[in-house]
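upload21.cif (mmCIF, C-alpha atoms)
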```
data_upload
loop_
_atom_site.group_PDB
_atom_site.id
_atom_site.type_symbol
_atom_site.label_atom_id
_atom_site.label_comp_id
_atom_site.auth_asym_id
_atom_site.auth_seq_id
_atom_site.Cartn_x
_atom_site.Cartn_y
_atom_site.Cartn_z
ATOM 1 C CA MET G 66 -13.678 -43.936 -13.757
ATOM 2 C CA GLN G 67 -12.477 -47.321 -14.969
ATOM 3 C CA GLY G 68 -12.564 -50.557 -13.015
ATOM 4 C CA MET G 69 -9.731 -52.532 -11.459
ATOM 5 C CA SER G 70 -8.147 -55.899 -12.278
ATOM 6 C CA VAL G 71 -10.022 -59.203 -12.448
ATOM 7 C CA ILE G 72 -8.730 -60.343 -9.030
ATOM 8 C CA VAL G 73 -10.171 -57.279 -7.319
ATOM 9 C CA LYS G 74 -13.476 -57.737 -9.184
ATOM 10 C CA LYS G 75 -13.800 -61.382 -8.150
ATOM 11 C CA VAL G 76 -12.972 -60.752 -4.466
ATOM 12 C CA THR G 77 -15.397 -57.810 -4.421
ATOM 13 C CA GLN G 78 -18.159 -60.021 -5.825
ATOM 14 C CA LEU G 79 -17.509 -62.484 -3.021
ATOM 15 C CA ILE G 80 -17.436 -60.108 -0.042
ATOM 16 C CA ALA G 81 -19.705 -57.167 -0.965
ATOM 17 C CA GLY G 82 -22.900 -59.103 -0.229
ATOM 18 C CA ILE G 83 -21.551 -60.289 3.111
ATOM 19 C CA ILE G 84 -20.673 -56.715 4.118
ATOM 20 C CA PHE G 85 -24.185 -55.599 3.106
ATOM 21 C CA LEU G 86 -25.828 -58.346 5.198
ATOM 22 C CA TYR G 87 -23.607 -57.515 8.171
ATOM 23 C CA GLY G 88 -24.716 -53.877 7.956
ATOM 24 C CA ILE G 89 -28.366 -54.961 7.985
ATOM 25 C CA TYR G 90 -27.646 -57.166 11.025
ATOM 26 C CA ILE G 91 -26.030 -54.257 12.884
ATOM 27 C CA ILE G 92 -29.005 -52.008 12.104
ATOM 28 C CA ILE G 93 -31.820 -54.359 13.152
ATOM 29 C CA HIS G 94 -30.021 -55.376 16.364
ATOM 30 C CA GLY G 95 -29.346 -51.715 17.211
ATOM 31 C CA HIS G 96 -31.431 -51.756 20.402
ATOM 32 C CA LEU G 97 -29.879 -54.993 21.709
ATOM 33 C CA THR G 98 -26.159 -54.816 20.904
ATOM 34 C CA PRO G 99 -23.590 -52.033 20.421
ATOM 35 C CA GLY G 100 -23.963 -50.419 17.026
ATOM 36 C CA GLY G 101 -27.144 -49.089 15.511
ATOM 37 C CA GLY G 102 -28.218 -46.878 12.655
ATOM 38 C CA PHE G 103 -25.019 -44.945 12.050
ATOM 39 C CA ALA G 104 -22.576 -47.872 12.210
ATOM 40 C CA GLY G 105 -24.749 -50.161 10.077
ATOM 41 C CA GLY G 106 -25.433 -47.417 7.548
ATOM 42 C CA ALA G 107 -21.713 -46.779 7.196
ATOM 43 C CA LEU G 108 -21.177 -50.496 6.527
ATOM 44 C CA ILE G 109 -23.895 -50.607 3.845
ATOM 45 C CA ALA G 110 -22.468 -47.514 2.152
ATOM 46 C CA GLY G 111 -19.054 -49.195 2.294
ATOM 47 C CA SER G 112 -20.312 -52.201 0.344
ATOM 48 C CA PHE G 113 -21.713 -49.955 -2.403
ATOM 49 C CA ILE G 114 -18.510 -47.865 -2.519
ATOM 50 C CA LEU G 115 -16.465 -51.079 -2.821
ATOM 51 C CA LEU G 116 -18.548 -52.181 -5.810
ATOM 52 C CA ILE G 117 -18.263 -48.803 -7.564
ATOM 53 C CA LEU G 118 -14.493 -48.635 -6.980
ATOM 54 C CA ALA G 119 -13.891 -52.175 -8.229
ATOM 55 C CA PHE G 120 -16.142 -52.206 -11.301
ATOM 56 C CA GLY G 121 -16.044 -48.545 -12.316
ATOM 57 C CA SER G 122 -18.814 -46.589 -13.962
ATOM 58 C CA ASP G 123 -19.259 -43.849 -16.527
ATOM 59 C CA ILE G 124 -20.191 -40.353 -15.462
ATOM 60 C CA LEU G 125 -23.798 -40.314 -16.745
ATOM 61 C CA LYS G 126 -24.637 -43.442 -14.756
ATOM 62 C CA LEU G 127 -22.949 -41.969 -11.687
ATOM 63 C CA LYS G 128 -25.140 -38.879 -11.962
ATOM 64 C CA GLN G 129 -28.286 -41.035 -12.070
ATOM 65 C CA GLU G 130 -27.084 -42.961 -9.016
ATOM 66 C CA GLU G 131 -26.389 -39.735 -7.166
ATOM 67 C CA THR G 132 -29.916 -38.471 -7.867
ATOM 68 C CA GLY G 133 -31.395 -41.756 -6.609
ATOM 69 C CA SER G 134 -29.341 -41.852 -3.414
ATOM 70 C CA SER G 135 -30.097 -38.201 -2.696
ATOM 71 C CA ILE G 136 -33.859 -38.833 -3.025
ATOM 72 C CA THR G 137 -33.560 -41.942 -0.794
ATOM 73 C CA GLU G 138 -31.758 -39.902 1.848
ATOM 74 C CA ASN G 139 -34.441 -37.207 1.851
ATOM 75 C CA ILE G 140 -37.285 -39.736 2.062
ATOM 76 C CA ALA G 141 -35.611 -41.594 4.953
ATOM 77 C CA ILE G 142 -35.070 -38.477 7.064
ATOM 78 C CA LEU G 143 -38.677 -37.444 6.278
ATOM 79 C CA MET G 144 -39.883 -40.832 7.586
ATOM 80 C CA VAL G 145 -37.934 -40.295 10.834
ATOM 81 C CA LEU G 146 -39.644 -36.927 11.251
ATOM 82 C CA LEU G 147 -43.032 -38.514 10.437
ATOM 83 C CA ILE G 148 -42.585 -41.199 13.109
ATOM 84 C CA ALA G 149 -41.628 -38.502 15.604
ATOM 85 C CA VAL G 150 -44.690 -36.372 14.712
ATOM 86 C CA MET G 151 -46.957 -39.435 15.115
ATOM 87 C CA GLY G 152 -46.146 -39.181 18.836
ATOM 88 C CA LEU G 153 -48.130 -35.933 18.902
ATOM 89 C CA LEU G 154 -51.261 -37.855 17.861
ATOM 90 C CA PHE G 155 -51.163 -40.937 20.114
ATOM 91 C CA GLY G 156 -50.962 -41.438 23.859
ATOM 92 C CA ALA G 157 -49.326 -38.704 25.892
ATOM 93 C CA LYS G 158 -49.030 -36.350 22.875
ATOM 94 C CA VAL G 159 -45.314 -35.667 23.214
ATOM 95 C CA PHE G 160 -42.840 -35.241 20.364
ATOM 96 C CA PHE G 161 -40.509 -38.292 19.938
ATOM 97 C CA ILE G 162 -42.512 -40.368 22.469
ATOM 98 C CA ASN G 163 -42.435 -44.181 22.343
ATOM 99 C CA TYR G 164 -46.084 -44.942 21.504
ATOM 100 C CA LEU G 165 -45.836 -48.555 20.295
ATOM 101 C CA PRO G 166 -46.041 -51.475 22.786
ATOM 102 C CA VAL G 167 -42.643 -51.991 24.387
ATOM 103 C CA GLY G 168 -42.614 -55.804 24.695
ATOM 104 C CA THR G 169 -40.096 -57.774 26.712
ATOM 105 C CA ALA G 170 -36.566 -56.423 26.947
ATOM 106 C CA GLY G 171 -33.924 -58.446 25.112
ATOM 107 C CA LYS G 172 -36.172 -59.750 22.311
ATOM 108 C CA LEU G 173 -35.601 -58.721 18.685
ATOM 109 C CA ILE G 174 -39.084 -57.221 18.265
ATOM 110 C CA SER G 175 -39.316 -54.971 21.298
ATOM 111 C CA ALA G 176 -38.521 -51.420 22.466
ATOM 112 C CA GLY G 177 -41.428 -49.802 20.579
ATOM 113 C CA VAL G 178 -40.384 -47.299 17.899
ATOM 114 C CA ILE G 179 -36.627 -47.406 18.559
ATOM 115 C CA PRO G 180 -35.947 -50.145 15.921
ATOM 116 C CA LEU G 181 -37.931 -48.093 13.387
ATOM 117 C CA TYR G 182 -35.755 -45.055 14.105
ATOM 118 C CA ASN G 183 -32.677 -47.271 13.772
ATOM 119 C CA ILE G 184 -33.795 -48.636 10.398
ATOM 120 C CA PHE G 185 -34.599 -45.237 8.872
ATOM 121 C CA ILE G 186 -31.443 -43.621 10.292
ATOM 122 C CA GLY G 187 -29.473 -46.524 8.803
ATOM 123 C CA ILE G 188 -30.992 -45.915 5.353
ATOM 124 C CA GLU G 189 -30.359 -42.186 5.735
ATOM 125 C CA VAL G 190 -26.697 -42.573 6.713
ATOM 126 C CA ALA G 191 -26.021 -45.129 3.954
ATOM 127 C CA ALA G 192 -27.564 -42.884 1.291
ATOM 128 C CA ALA G 193 -25.812 -39.783 2.650
ATOM 129 C CA ILE G 194 -22.322 -41.347 2.656
ATOM 130 C CA LEU G 195 -22.933 -42.777 -0.820
ATOM 131 C CA THR G 196 -24.075 -39.323 -2.016
ATOM 132 C CA ILE G 197 -20.912 -37.706 -0.624
ATOM 133 C CA PHE G 198 -18.734 -40.326 -2.344
ATOM 134 C CA LEU G 199 -20.548 -40.012 -5.693
ATOM 135 C CA ALA G 200 -20.421 -36.203 -5.503
ATOM 136 C CA LEU G 201 -16.652 -36.331 -4.948
ATOM 137 C CA VAL G 202 -16.177 -38.752 -7.886
ATOM 138 C CA ILE G 203 -18.309 -36.625 -10.243
ATOM 139 C CA PHE G 204 -16.479 -33.504 -9.031
ATOM 140 C CA LYS G 205 -13.120 -35.110 -9.831
ATOM 141 C CA GLU G 206 -14.214 -36.394 -13.276
ATOM 142 C CA GLU G 207 -15.554 -32.978 -14.227
ATOM 143 C CA SER G 208 -12.591 -30.961 -12.951
ATOM 144 C CA THR G 209 -9.898 -33.137 -14.601
ATOM 145 C CA LYS G 210 -11.623 -33.466 -17.960
ATOM 146 C CA MET Q 261 -2.680 -42.736 32.914
ATOM 147 C CA THR Q 262 -0.573 -44.501 30.280
ATOM 148 C CA VAL Q 263 -3.412 -44.682 27.772
ATOM 149 C CA TYR Q 264 -3.918 -40.907 27.867
ATOM 150 C CA ILE Q 265 -0.192 -40.391 27.215
ATOM 151 C CA LEU Q 266 -0.438 -42.801 24.272
ATOM 152 C CA CYS Q 267 -3.416 -40.805 22.941
ATOM 153 C CA PHE Q 268 -1.322 -37.642 23.224
ATOM 154 C CA ILE Q 269 1.524 -39.355 21.322
ATOM 155 C CA LEU Q 270 -0.945 -40.308 18.578
ATOM 156 C CA PHE Q 271 -2.081 -36.664 18.492
ATOM 157 C CA LEU Q 272 1.559 -35.583 18.099
ATOM 158 C CA VAL Q 273 2.010 -38.061 15.214
ATOM 159 C CA GLY Q 274 -0.904 -36.383 13.428
ATOM 160 C CA LEU Q 275 0.488 -32.913 14.199
ATOM 161 C CA TYR Q 276 3.918 -33.914 12.838
ATOM 162 C CA GLY Q 277 2.322 -35.104 9.602
ATOM 163 C CA LEU Q 278 0.244 -31.935 9.382
ATOM 164 C CA ILE Q 279 3.241 -29.571 9.583
ATOM 165 C CA THR Q 280 5.823 -31.544 7.593
ATOM 166 C CA ARG Q 281 3.928 -33.079 4.637
ATOM 167 C CA ARG Q 282 3.506 -31.159 1.381
ATOM 168 C CA ASN Q 283 0.757 -33.295 -0.176
ATOM 169 C CA LEU Q 284 -2.830 -32.126 0.432
ATOM 170 C CA ILE Q 285 -4.205 -35.684 0.750
ATOM 171 C CA LYS Q 286 -1.537 -36.532 3.352
ATOM 172 C CA ILE Q 287 -2.476 -33.369 5.266
ATOM 173 C CA VAL Q 288 -6.117 -34.539 5.330
ATOM 174 C CA ILE Q 289 -4.999 -37.980 6.578
ATOM 175 C CA SER Q 290 -2.948 -36.307 9.341
ATOM 176 C CA LEU Q 291 -5.982 -34.280 10.408
ATOM 177 C CA CYS Q 292 -7.988 -37.521 10.606
ATOM 178 C CA ILE Q 293 -5.318 -39.085 12.829
ATOM 179 C CA MET Q 294 -5.478 -36.070 15.185
ATOM 180 C CA GLU Q 295 -9.280 -36.279 15.251
ATOM 181 C CA PHE Q 296 -9.320 -39.963 16.094
ATOM 182 C CA SER Q 297 -6.746 -39.577 18.883
ATOM 183 C CA ILE Q 298 -9.173 -37.146 20.534
ATOM 184 C CA PHE Q 299 -12.065 -39.612 20.006
ATOM 185 C CA LEU Q 300 -9.986 -42.380 21.596
ATOM 186 C CA MET Q 301 -9.227 -40.197 24.615
ATOM 187 C CA LEU Q 302 -12.908 -39.267 25.082
ATOM 188 C CA ALA Q 303 -14.002 -42.905 24.845
ATOM 189 C CA LEU Q 304 -11.304 -43.939 27.340
ATOM 190 C CA ILE Q 305 -12.529 -41.339 29.874
ATOM 191 C CA GLY Q 306 -15.826 -43.237 30.110
ATOM 192 C CA TYR Q 307 -14.180 -46.660 30.289
ATOM 193 C CA ILE Q 308 -14.556 -48.635 33.514
ATOM 194 C CA ASP Q 309 -12.443 -51.728 34.094
ATOM 195 C CA SER Q 310 -14.417 -54.968 33.504
ATOM 196 C CA GLY Q 311 -17.490 -52.905 32.535
ATOM 197 C CA ILE Q 312 -19.904 -54.192 29.877
ATOM 198 C CA ALA Q 313 -21.724 -52.371 27.060
ATOM 199 C CA PRO Q 314 -24.366 -49.998 28.499
ATOM 200 C CA ILE Q 315 -27.449 -51.838 27.242
ATOM 201 C CA ILE Q 316 -29.874 -52.719 30.049
ATOM 202 C CA ARG Q 317 -31.263 -56.260 29.607
ATOM 203 C CA PRO Q 318 -32.758 -58.639 32.196
ATOM 204 C CA ASP Q 319 -29.629 -60.806 32.289
ATOM 205 C CA THR Q 320 -27.197 -57.899 32.805
ATOM 206 C CA ILE Q 321 -28.952 -55.974 35.591
ATOM 207 C CA GLY Q 322 -26.658 -55.321 38.550
ATOM 208 C CA GLN Q 323 -23.382 -55.547 36.613
ATOM 209 C CA THR Q 324 -21.027 -52.631 35.986
ATOM 210 C CA TYR Q 325 -21.650 -50.647 32.793
ATOM 211 C CA VAL Q 326 -19.200 -48.344 31.062
ATOM 212 C CA ASP Q 327 -20.224 -44.675 30.891
ATOM 213 C CA PRO Q 328 -22.438 -44.128 27.792
ATOM 214 C CA LEU Q 329 -22.211 -40.308 27.786
ATOM 215 C CA PRO Q 330 -18.706 -39.957 26.230
ATOM 216 C CA GLN Q 331 -19.680 -42.632 23.702
ATOM 217 C CA ALA Q 332 -22.694 -40.592 22.559
ATOM 218 C CA MET Q 333 -20.482 -37.503 22.337
ATOM 219 C CA VAL Q 334 -17.856 -39.388 20.309
ATOM 220 C CA LEU Q 335 -20.572 -40.623 17.927
ATOM 221 C CA THR Q 336 -21.634 -37.012 17.297
ATOM 222 C CA ALA Q 337 -17.991 -36.009 16.857
ATOM 223 C CA ILE Q 338 -17.429 -38.819 14.320
ATOM 224 C CA VAL Q 339 -20.352 -37.513 12.226
ATOM 225 C CA ILE Q 340 -18.930 -33.985 12.321
ATOM 226 C CA GLY Q 341 -15.485 -35.348 11.434
ATOM 227 C CA LEU Q 342 -16.971 -37.144 8.421
ATOM 228 C CA ALA Q 343 -18.506 -33.890 7.177
ATOM 229 C CA THR Q 344 -15.313 -31.872 7.638
ATOM 230 C CA THR Q 345 -13.247 -34.572 5.896
ATOM 231 C CA ALA Q 346 -15.643 -34.553 2.936
ATOM 232 C CA LEU Q 347 -15.380 -30.741 2.742
ATOM 233 C CA LEU Q 348 -11.565 -30.844 2.859
ATOM 234 C CA LEU Q 349 -11.438 -33.487 0.132
ATOM 235 C CA ALA Q 350 -13.806 -31.459 -2.060
ATOM 236 C CA ILE Q 351 -11.532 -28.412 -1.700
ATOM 237 C CA ALA Q 352 -8.475 -30.591 -2.480
ATOM 238 C CA ILE Q 353 -10.130 -31.978 -5.632
ATOM 239 C CA ARG Q 354 -11.052 -28.475 -6.808
ATOM 240 C CA LEU Q 355 -7.466 -27.306 -6.220
ATOM 241 C CA TYR Q 356 -6.186 -30.326 -8.181
ATOM 242 C CA GLY Q 357 -8.468 -29.425 -11.079
ATOM 243 C CA LYS Q 358 -7.171 -25.840 -11.079
ATOM 244 C CA TYR Q 359 -3.410 -26.426 -10.564
ATOM 245 C CA GLY Q 360 -2.922 -30.047 -11.654
ATOM 246 C CA THR Q 361 -1.012 -30.960 -8.493
ATOM 247 C CA PHE Q 362 -1.525 -31.720 -4.800
ATOM 248 C CA ASP Q 363 1.789 -30.099 -3.762
ATOM 249 C CA ILE Q 364 1.108 -27.043 -1.592
ATOM 250 C CA ARG Q 365 4.362 -25.392 -2.722
ATOM 251 C CA GLU Q 366 2.989 -25.185 -6.281
ATOM 252 C CA ILE Q 367 -0.364 -23.734 -5.193
ATOM 253 C CA ASN Q 368 0.744 -20.145 -4.750
ATOM 254 C CA ASN Q 369 -1.290 -18.022 -7.129
ATOM 255 C CA LEU Q 370 -2.950 -16.206 -4.215
ATOM 256 C CA ARG Q 371 0.410 -14.631 -3.289
ATOM 257 C CA GLY Q 372 0.861 -10.866 -3.702
#
```

Will you turn the file into structure tokens for me?
Amino acid sequence: MQGMSVIVKKVTQLIAGIIFLYGIYIIIHGHLTPGGGFAGGALIAGSFILLILAFGSDILKLKQEETGSSITENIAILMVLLIAVMGLLFGAKVFFINYLPVGTAGKLISAGVIPLYNIFIGIEVAAAILTIFLALVIFKEESTK
Amino acid sequence: MTVYILCFILFLVGLYGLITRRNLIKIVISLCIMEFSIFLMLALIGYIDSGIAPIIRPDTIGQTYVDPLPQAMVLTAIVIGLATTALLLAIAIRLYGKYGTFDIREINNLRG
């Protein structure tokens, strides 16, 4: 797919980084404010999709990107499962238990393992939405060739 | 009560688009509008007037929270809606590759 005009490219350069940072903010404040892993991951995937739509890319590069995002998604969901299984080893030996120190409520570093779950679910959702988008683009390029 | 009626009107807008449009992409958009009217209704069921976000912190204890259960259900429903939309778009792209058009009147090779 080819890119868009120079106005779209310039505006995308200006705002894509801000959207990415806002997604990271939503993810790491997931246990304090509304939002969390899914909403922040969708925002991060949106910044990548904006860049690909504005600048375009050839199909070989898109296939490499799809492989990378698919592997990232699998590793992230494996890390979530690993953190959950770690609960079987520490403390009360219950699946999905909160085994880290809880800290004071309202602080950024608190709530035990919940921020870790938020971070890995955010990576997983971002990679999954990007994989769906890239798969649809590759599908379209191949079927209309 | 008015907000539920407005949700129903939004649902009817999606239904109207679903049964009158001929373009596959517009049909998918109409389905999304129907989906999100249902999400809006479910989120409004849990809404309490002057309630705050249901996150328990030391400075918000004792205040009224909105109901978090419909919100969790709507979050699950949004994920499922994302998956179904991706599936519908994949089918639409495959049909476009086979017939060269999105018009459902032209896609009639399954007839007979």

Hits from the PyMOL selection byres ((chain G) within 8 of (chain Q)), listed as a compact mmCIF listing (two decimals) with C-alpha atoms, in the coordinates of the input:
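After the write, expr.txt holds the following:
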```txt
# COMPACT_ATOMS: atom_id res chain seq x y z
CA HIS G 96 -31.43 -51.76 20.40
CA LEU G 97 -29.88 -54.99 21.71
CA THR G 98 -26.16 -54.82 20.90
CA PRO G 99 -23.59 -52.03 20.42
CA ALA G 170 -36.57 -56.42 26.95
CA GLY G 171 -33.92 -58.45 25.11
CA ILE G 197 -20.91 -37.71 -0.62
CA LEU G 201 -16.65 -36.33 -4.95
CA PHE G 204 -16.48 -33.50 -9.03
CA LYS G 205 -13.12 -35.11 -9.83
CA SER G 208 -12.59 -30.96 -12.95
CA THR G 209 -9.90 -33.14 -14.60
```

Which residues come within 9 Å of G:Gly111, counting only C-alpha atoms, excluding same-chain residues fewer than 6 positions away, as a ChimeraX atom specification? /G:81,84-85,191,194-195

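Using all atoms listed in the file, the nearest neighbour of Q:Thr262 within the list Q:Ala337, Q:Leu275, Q:Leu304, Q:Met294 is Q:Leu304.
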
Residues within 12 Å of Q:Ile287, please, as a PDB file with C-alpha atoms, in the frame of the given file. Count all atoms listed in the file; anything in the same chain fewer than 5 positions from it doesn't count.
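The resulting file, selection-v4.pdb, is shown below:
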```
ATOM      1  CA  VAL Q 273       2.010 -38.061  15.214  1.00  0.00           C
ATOM      2  CA  GLY Q 274      -0.904 -36.383  13.428  1.00  0.00           C
ATOM      3  CA  LEU Q 275       0.488 -32.913  14.199  1.00  0.00           C
ATOM      4  CA  TYR Q 276       3.918 -33.914  12.838  1.00  0.00           C
ATOM      5  CA  GLY Q 277       2.322 -35.104   9.602  1.00  0.00           C
ATOM      6  CA  LEU Q 278       0.244 -31.935   9.382  1.00  0.00           C
ATOM      7  CA  ILE Q 279       3.241 -29.571   9.583  1.00  0.00           C
ATOM      8  CA  THR Q 280       5.823 -31.544   7.593  1.00  0.00           C
ATOM      9  CA  ARG Q 281       3.928 -33.079   4.637  1.00  0.00           C
ATOM     10  CA  ARG Q 282       3.506 -31.159   1.381  1.00  0.00           C
ATOM     11  CA  CYS Q 292      -7.988 -37.521  10.606  1.00  0.00           C
ATOM     12  CA  ILE Q 293      -5.318 -39.085  12.829  1.00  0.00           C
ATOM     13  CA  MET Q 294      -5.478 -36.070  15.185  1.00  0.00           C
ATOM     14  CA  THR Q 345     -13.247 -34.572   5.896  1.00  0.00           C
ATOM     15  CA  LEU Q 348     -11.565 -30.844   2.859  1.00  0.00           C
ATOM     16  CA  LEU Q 349     -11.438 -33.487   0.132  1.00  0.00           C
ATOM     17  CA  ALA Q 352      -8.475 -30.591  -2.480  1.00  0.00           C
ATOM     18  CA  PHE Q 362      -1.525 -31.720  -4.800  1.00  0.00           C
ATOM     19  CA  ASP Q 363       1.789 -30.099  -3.762  1.00  0.00           C
ATOM     20  CA  ILE Q 364       1.108 -27.043  -1.592  1.00  0.00           C
TER      21      ILE Q 364
END
```

Where does the PyMOL selection byres ((chain Q and resi 331) around 10) land in this file, that is, which residues does it pick, as a compact mmCIF listing (two decimals) with C-alpha atoms, in the frame of the given file?
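In the end it all went to part_19.txt:
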```txt
# COMPACT_ATOMS: atom_id res chain seq x y z
CA PHE Q 299 -12.06 -39.61 20.01
CA LEU Q 300 -9.99 -42.38 21.60
CA LEU Q 302 -12.91 -39.27 25.08
CA ALA Q 303 -14.00 -42.90 24.84
CA LEU Q 304 -11.30 -43.94 27.34
CA ILE Q 305 -12.53 -41.34 29.87
CA GLY Q 306 -15.83 -43.24 30.11
CA TYR Q 307 -14.18 -46.66 30.29
CA PRO Q 314 -24.37 -50.00 28.50
CA VAL Q 326 -19.20 -48.34 31.06
CA ASP Q 327 -20.22 -44.68 30.89
CA PRO Q 328 -22.44 -44.13 27.79
CA LEU Q 329 -22.21 -40.31 27.79
CA PRO Q 330 -18.71 -39.96 26.23
CA ALA Q 332 -22.69 -40.59 22.56
CA MET Q 333 -20.48 -37.50 22.34
CA VAL Q 334 -17.86 -39.39 20.31
CA LEU Q 335 -20.57 -40.62 17.93
CA THR Q 336 -21.63 -37.01 17.30
CA ALA Q 337 -17.99 -36.01 16.86
```

Picked residues, the PyMOL selection byres ((chain G and resi 127-129) around 12), expected as JSON, numbers by chain: {"G": [66, 114, 117, 118, 121, 122, 123, 124, 125, 126, 130, 131, 132, 133, 134, 135, 136, 195, 196, 198, 199, 200, 201, 202, 203, 204, 206, 207]}

Between atom CA of G:Gly105 and atom CA of Q:Cys267 lies a distance of 26.6 Å

Protein/DNA/RNA residues near (-41.4, -49.7, 18.1), cut 10 Å, only C-alpha atoms, as a list in words: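 Here is the list of nearby residues: Ile148, Asn163, Tyr164, Leu165, Pro166, Val167, Gly168, Ile174, Ser175, Ala176, Gly177, Val178, Ile179, Pro180, Leu181 and Tyr182 of chain G.
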
What does the structure give for the distance between atom CA of G:Tyr87 and atom CA of G:Asn183, in Å to one decimal?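 Spanning atom CA of G:Tyr87 to atom CA of G:Asn183 is a straight-line distance of 14.8 Å.
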
Q:Tyr264, Q:Tyr359, Q:Tyr325, Q:Phe271 ranked by distance to Q:Ser290, top pick (using all atoms listed in the file): Q:Phe271

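Note that atom CA of Q:Gly311 and atom CA of Q:Ile338 are 23.0 Å apart.
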
Dump as a ChimeraX atom specification all residues having an atom at most 10 Å from (-29.1, -44.2, 5.8), computed in the file's coordinates with only C-alpha atoms. /G:102-107,109-110,134,137-139,141-142,183-195

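For the set G:Leu116, G:Ala149, G:Leu143, G:Ile92, the residue with the smallest atom-to-atom gap to G:Val76 is G:Leu116, counting all atoms listed in the file.
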
Using the block above, I'd like stretch 290-307 of chain Q written out, keeping N, CA and C atoms and formatting it as a PDB file, in the first residue's frame.
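Output file part.pdb follows:
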```pdb
ATOM      1  N   SER Q 290     -23.003  -0.600  10.091  1.00  0.00           N
ATOM      2  CA  SER Q 290     -24.318  -0.619  10.728  1.00  0.00           C
ATOM      3  C   SER Q 290     -24.358  -1.614  11.873  1.00  0.00           C
ATOM      4  N   LEU Q 291     -23.720  -2.780  11.674  1.00  0.00           N
ATOM      5  CA  LEU Q 291     -23.654  -3.766  12.756  1.00  0.00           C
ATOM      6  C   LEU Q 291     -22.919  -3.189  13.954  1.00  0.00           C
ATOM      7  N   CYS Q 292     -21.835  -2.432  13.702  1.00  0.00           N
ATOM      8  CA  CYS Q 292     -21.087  -1.818  14.803  1.00  0.00           C
ATOM      9  C   CYS Q 292     -21.948  -0.817  15.551  1.00  0.00           C
ATOM     10  N   ILE Q 293     -22.782  -0.059  14.813  1.00  0.00           N
ATOM     11  CA  ILE Q 293     -23.651   0.914  15.493  1.00  0.00           C
ATOM     12  C   ILE Q 293     -24.655   0.190  16.387  1.00  0.00           C
ATOM     13  N   MET Q 294     -25.225  -0.925  15.904  1.00  0.00           N
ATOM     14  CA  MET Q 294     -26.150  -1.710  16.734  1.00  0.00           C
ATOM     15  C   MET Q 294     -25.465  -2.227  17.984  1.00  0.00           C
ATOM     16  N   GLU Q 295     -24.247  -2.761  17.804  1.00  0.00           N
ATOM     17  CA  GLU Q 295     -23.462  -3.284  18.926  1.00  0.00           C
ATOM     18  C   GLU Q 295     -23.252  -2.218  19.994  1.00  0.00           C
ATOM     19  N   PHE Q 296     -22.836  -1.020  19.534  1.00  0.00           N
ATOM     20  CA  PHE Q 296     -22.472   0.000  20.516  1.00  0.00           C
ATOM     21  C   PHE Q 296     -23.695   0.620  21.174  1.00  0.00           C
ATOM     22  N   SER Q 297     -24.884   0.547  20.529  1.00  0.00           N
ATOM     23  CA  SER Q 297     -26.084   0.991  21.238  1.00  0.00           C
ATOM     24  C   SER Q 297     -26.377   0.058  22.410  1.00  0.00           C
ATOM     25  N   ILE Q 298     -26.151  -1.253  22.197  1.00  0.00           N
ATOM     26  CA  ILE Q 298     -26.352  -2.202  23.302  1.00  0.00           C
ATOM     27  C   ILE Q 298     -25.334  -1.945  24.417  1.00  0.00           C
ATOM     28  N   PHE Q 299     -24.059  -1.664  24.041  1.00  0.00           N
ATOM     29  CA  PHE Q 299     -23.043  -1.388  25.066  1.00  0.00           C
ATOM     30  C   PHE Q 299     -23.431  -0.165  25.884  1.00  0.00           C
ATOM     31  N   LEU Q 300     -23.945   0.863  25.193  1.00  0.00           N
ATOM     32  CA  LEU Q 300     -24.338   2.104  25.867  1.00  0.00           C
ATOM     33  C   LEU Q 300     -25.465   1.821  26.853  1.00  0.00           C
ATOM     34  N   MET Q 301     -26.435   0.982  26.443  1.00  0.00           N
ATOM     35  CA  MET Q 301     -27.541   0.676  27.335  1.00  0.00           C
ATOM     36  C   MET Q 301     -27.058  -0.079  28.565  1.00  0.00           C
ATOM     37  N   LEU Q 302     -26.130  -1.053  28.365  1.00  0.00           N
ATOM     38  CA  LEU Q 302     -25.631  -1.830  29.505  1.00  0.00           C
ATOM     39  C   LEU Q 302     -24.844  -0.942  30.468  1.00  0.00           C
ATOM     40  N   ALA Q 303     -24.045  -0.009  29.918  1.00  0.00           N
ATOM     41  CA  ALA Q 303     -23.280   0.870  30.798  1.00  0.00           C
ATOM     42  C   ALA Q 303     -24.190   1.828  31.541  1.00  0.00           C
ATOM     43  N   LEU Q 304     -25.317   2.233  30.902  1.00  0.00           N
ATOM     44  CA  LEU Q 304     -26.237   3.160  31.563  1.00  0.00           C
ATOM     45  C   LEU Q 304     -27.040   2.475  32.660  1.00  0.00           C
ATOM     46  N   ILE Q 305     -27.230   1.126  32.563  1.00  0.00           N
ATOM     47  CA  ILE Q 305     -27.936   0.419  33.632  1.00  0.00           C
ATOM     48  C   ILE Q 305     -27.162   0.563  34.946  1.00  0.00           C
ATOM     49  N   GLY Q 306     -25.824   0.490  34.877  1.00  0.00           N
ATOM     50  CA  GLY Q 306     -25.030   0.581  36.092  1.00  0.00           C
ATOM     51  C   GLY Q 306     -24.759   1.995  36.540  1.00  0.00           C
ATOM     52  N   TYR Q 307     -25.249   2.994  35.807  1.00  0.00           N
ATOM     53  CA  TYR Q 307     -24.919   4.381  36.161  1.00  0.00           C
ATOM     54  C   TYR Q 307     -25.763   4.857  37.335  1.00  0.00           C
TER      55      TYR Q 307
END
```
